[in-house]
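Student: Can you read through this structure? Questions will come right after.
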Amino acid sequence: LRVRPLTCTETRRGDRQVVHSLGDGAVHVSAARHDATFGFSAVFDASASQEAVFEGSGMRQLVELAMDGFSCTVFAFGQTGSGKTYTLMGPLTQSETEPASPALLGLMQRSFTCLLEQSRSRGSDVALSASYLEIYNEQVRDLLSPGPPCALPLRWSKTRGFYVENQLRVEFESLEAIVSLLLQGSQRRRTSAHALNRHSSRSHALLTIHIRRRAVSAHPAPGGGWGASACPSKQGTLCFVDLAGSERVKETGSSGELSVEANSINRSLLALGESWGTHHGSPAGPHQSPVASFVAHPPAGHCISLLAKPRGKRAHIPFRDSKLTRLLARSLGGSGITLMVACISPSSRCLSETLSTLHYASRARRVTTRP
Ligand code: ADP
Ligand code: MG
């Protein structure tokens with residue numbers, strides 16, 4: 001759990017700080033009618049540096065596991081403005097020519113450094129490549145391919161599981177190269193954010209590093225020379241997910257008749273609330289109530305809720321129900337290893353979103369998967 005500092009604006013308008021870290025992984029929320037304590041594997045408060053978050057969150061171990069061939073995923077979730085992008089990438093620089101201070105670099109850049117160090121120390125048999133996608137309105141777009149963003153089809157095959165057809169994978173060997181891919185992709189995301197109001201807070205961004213390790217054979221390849229491809233290769237992945245803001249999207253229409261359960265899931269960390277009712281090809285059209293469309297199309301958050309149930313009581317996990325959950329099926333339910341970073345604001349004005357993120361994060365903690 002990461003609690004960001006109050007921003008200047010929040011301080012200026014006199015917001016109160018309602019979240020306090022108690023140490024030992026506990027946080028306390030106290031406000032007029034709320035008084036609750038939550039526990040997490042680690043809590044980073046306003047004073048925690050980016051480096052402390054990297055070292056204290058298990059991110060370094062996750063990089064090592066990816067190098068060993070596991071599917072590893074890091075999610076940042078929380079309402080818009082809670083510090084997801086800051087935690088993953090650091091503060092966005094005003095211009096591309098002025099790089100962020102090294103101390104402020106986020107989990108992504110620190111992981112890249114760590115990954116490249118490890119790849120060097122393990123010899124030259126490691127091939128690294130990256131893909132960068134965003135999911136907006138249930139459309140998958142490539143953030144690395146040049147030209148205007150176009151939707152790519154999501155397919156499934158026995159051998160590969162779910163995959164995005166024609167997505168670009170760019171090989172890289174240096175920190176500069178991968179950081180520049182990250183900036184290019186984020187720039188693309190931001191550019192369309194200007195065109196479409198609040199686009200980026202409603203889209204999920206997924207940067208995946210593919211790690212292919214070739215076991216170099218000691219025998220000459222059939223065609224002469226020393227073959228590297230003859231041996232089976234191990235492939236690990238490291239995926240960084242900057243989730244859409246978890247706040248309830250106002251455009252869902254009526255609110256009075258929402259049941260508490262649908263409401264809280266709708267507000268939840270993984271809610272894909274941007275497209276309720278209208279964009280799923282639902283015959284009921286825009287007048288359909290959010291509750292009904294939730295039942296028809298549970299958001300990713302629903303998968304977490306189901307995974308959090310005791311194993312025997314779990315129904316079928318509806319990974320197929322959204323593009324995000326399909327793409328993350330492996331890390332959410334398979335043999336993947338996942339680090340979830342919940343981000344919250346300490347401000348009194350964000351109290352209800354903060355509580356919903358805290359409840360959700362506590363629930364997500366109970367998820368364990370097995371191959
Ligand atoms: P999100 O991606 O969740 O919408 P941002 O990462 O863009 O939120 O953060 C919102 C604002 O708060 C930004 O101006 C960011 O620089 C600032 N901020 C977030 N986390 C921190 C932090 N830990 N320390 C200092 N500033 C932060
Ligand atoms: Mg963001």
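Residue numbering restarts at 1 in every chain; chains get A, B, ... in the order shown in the structure tokens, and ligands count up from 1 in that same order.
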At a cut-off of 8 Å and counting only C-alpha atoms and all ligand atoms, what residues surround ligand 1? Please answer as a PyMOL selection string.
Tutor: chain A and resi 2-5+7+45-50+77-88+90-92+201+242+245+343
Student: So that I can see what lies close to range 111-128 of chain A, please list as a ChimeraX atom specification the residues with an atom at most 7 Å from it, counting only C-alpha atoms and leaving out residues fewer than 5 positions away in the same chain.
Tutor: /A:60,63,171-173,175,209-216
Student: Calculated over only C-alpha atoms, which of the candidates A:Ala52, A:Cys8, A:Leu65, A:Val19 has the smallest distance to Pro346 in chain A?
Tutor: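 Of the candidates, the smallest distance to Pro346 in chain A is held by A:Val19.
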Student: Given only C-alpha atoms and all ligand atoms as the basis, pick out the residue of A:Leu181, A:Val241, A:Leu105, A:Leu143 nearest to ligand 2.
Tutor: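 Result for the nearest residue to ligand 2: A:Val241.
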Student: Please run DSSP on the backbone and report, as a PyMOL selection string, all residues within range 43-225 of chain A that come out as strand (DSSP E or B).
Tutor: chain A and resi 44+71-77+126-136+139-142+151-152+154-157+161-164+170-171+204-214+220
Student: Do a neighbour search on range 151-162 of chain A at 7 Å with only C-alpha atoms, toss out local chain neighbours closer than 4 positions, and write the hits as a PyMOL selection string.
Tutor: chain A and resi 139-141+326-327
Student: I want to know what sits within 7 Å of range 67-76 of chain A, based on only C-alpha atoms, with residues of the same chain fewer than 6 positions away left out; could you give that as a list in words?
Tutor: Lys84, Ile211, Lys234, Gln235, Gly236, Thr237, Leu238, Cys239, Phe240, Val241, Asp242, Leu243, Ser331, Gly336, Ile337, Thr338, Leu339, Met340, Val341, Ala342 and Cys343 of chain A
Student: Could you please take those selected residues and save N, CA and C atoms as a short mmCIF file (atom, residue, chain, number, x, y, z; two decimals), in the first residue's frame?
Tutor:
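Output below, filename again09.cif:
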```cif
data_model
loop_
_atom_site.label_atom_id
_atom_site.label_comp_id
_atom_site.auth_asym_id
_atom_site.auth_seq_id
_atom_site.Cartn_x
_atom_site.Cartn_y
_atom_site.Cartn_z
N LYS A 84 -0.58 6.23 -8.97
CA LYS A 84 -0.26 5.00 -9.70
C LYS A 84 0.89 5.22 -10.67
N ILE A 211 11.31 -12.09 -21.69
CA ILE A 211 12.69 -12.50 -21.42
C ILE A 211 12.87 -13.90 -21.99
N LYS A 234 13.65 -20.88 -22.27
CA LYS A 234 12.79 -20.55 -21.15
C LYS A 234 12.30 -19.13 -21.38
N GLN A 235 11.03 -18.93 -21.20
CA GLN A 235 10.54 -17.57 -21.41
C GLN A 235 9.84 -17.04 -20.18
N GLY A 236 10.35 -15.95 -19.68
CA GLY A 236 9.70 -15.30 -18.55
C GLY A 236 9.09 -13.99 -19.02
N THR A 237 8.13 -13.46 -18.28
CA THR A 237 7.61 -12.15 -18.63
C THR A 237 7.49 -11.30 -17.37
N LEU A 238 7.58 -10.01 -17.58
CA LEU A 238 7.42 -9.06 -16.50
C LEU A 238 6.48 -7.99 -17.03
N CYS A 239 5.30 -7.92 -16.45
CA CYS A 239 4.28 -7.03 -17.00
C CYS A 239 3.93 -5.95 -15.97
N PHE A 240 3.94 -4.70 -16.42
CA PHE A 240 3.59 -3.57 -15.55
C PHE A 240 2.23 -3.05 -15.99
N VAL A 241 1.29 -3.01 -15.05
CA VAL A 241 -0.06 -2.59 -15.42
C VAL A 241 -0.45 -1.33 -14.65
N ASP A 242 -0.68 -0.26 -15.40
CA ASP A 242 -1.17 0.98 -14.82
C ASP A 242 -2.67 0.97 -15.08
N LEU A 243 -3.43 0.62 -14.05
CA LEU A 243 -4.87 0.43 -14.26
C LEU A 243 -5.62 1.74 -14.35
N SER A 331 -1.49 -14.31 -15.19
CA SER A 331 -0.97 -13.82 -13.92
C SER A 331 -2.03 -13.83 -12.84
N GLY A 336 1.26 -17.55 -12.36
CA GLY A 336 1.93 -16.25 -12.30
C GLY A 336 2.16 -15.76 -10.89
N ILE A 337 3.02 -14.77 -10.79
CA ILE A 337 3.31 -14.16 -9.49
C ILE A 337 2.98 -12.68 -9.64
N THR A 338 2.17 -12.19 -8.72
CA THR A 338 1.65 -10.84 -8.89
C THR A 338 1.94 -9.97 -7.68
N LEU A 339 2.39 -8.76 -7.96
CA LEU A 339 2.57 -7.76 -6.92
C LEU A 339 1.51 -6.69 -7.15
N MET A 340 0.69 -6.44 -6.14
CA MET A 340 -0.33 -5.42 -6.30
C MET A 340 0.03 -4.23 -5.43
N VAL A 341 0.07 -3.06 -6.06
CA VAL A 341 0.38 -1.85 -5.31
C VAL A 341 -0.88 -1.00 -5.27
N ALA A 342 -1.50 -0.91 -4.10
CA ALA A 342 -2.67 -0.06 -3.95
C ALA A 342 -2.20 1.34 -3.64
N CYS A 343 -2.73 2.33 -4.35
CA CYS A 343 -2.32 3.71 -4.13
C CYS A 343 -3.50 4.50 -3.59
#
```
Student: Out of A:Arg202, A:Arg12, A:His359, A:Arg110, which residue has the shortest atom-to-atom distance to Ile178 in chain A when counting only C-alpha atoms?
Tutor: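 Smallest distance to Ile178 in chain A is found for A:Arg110.
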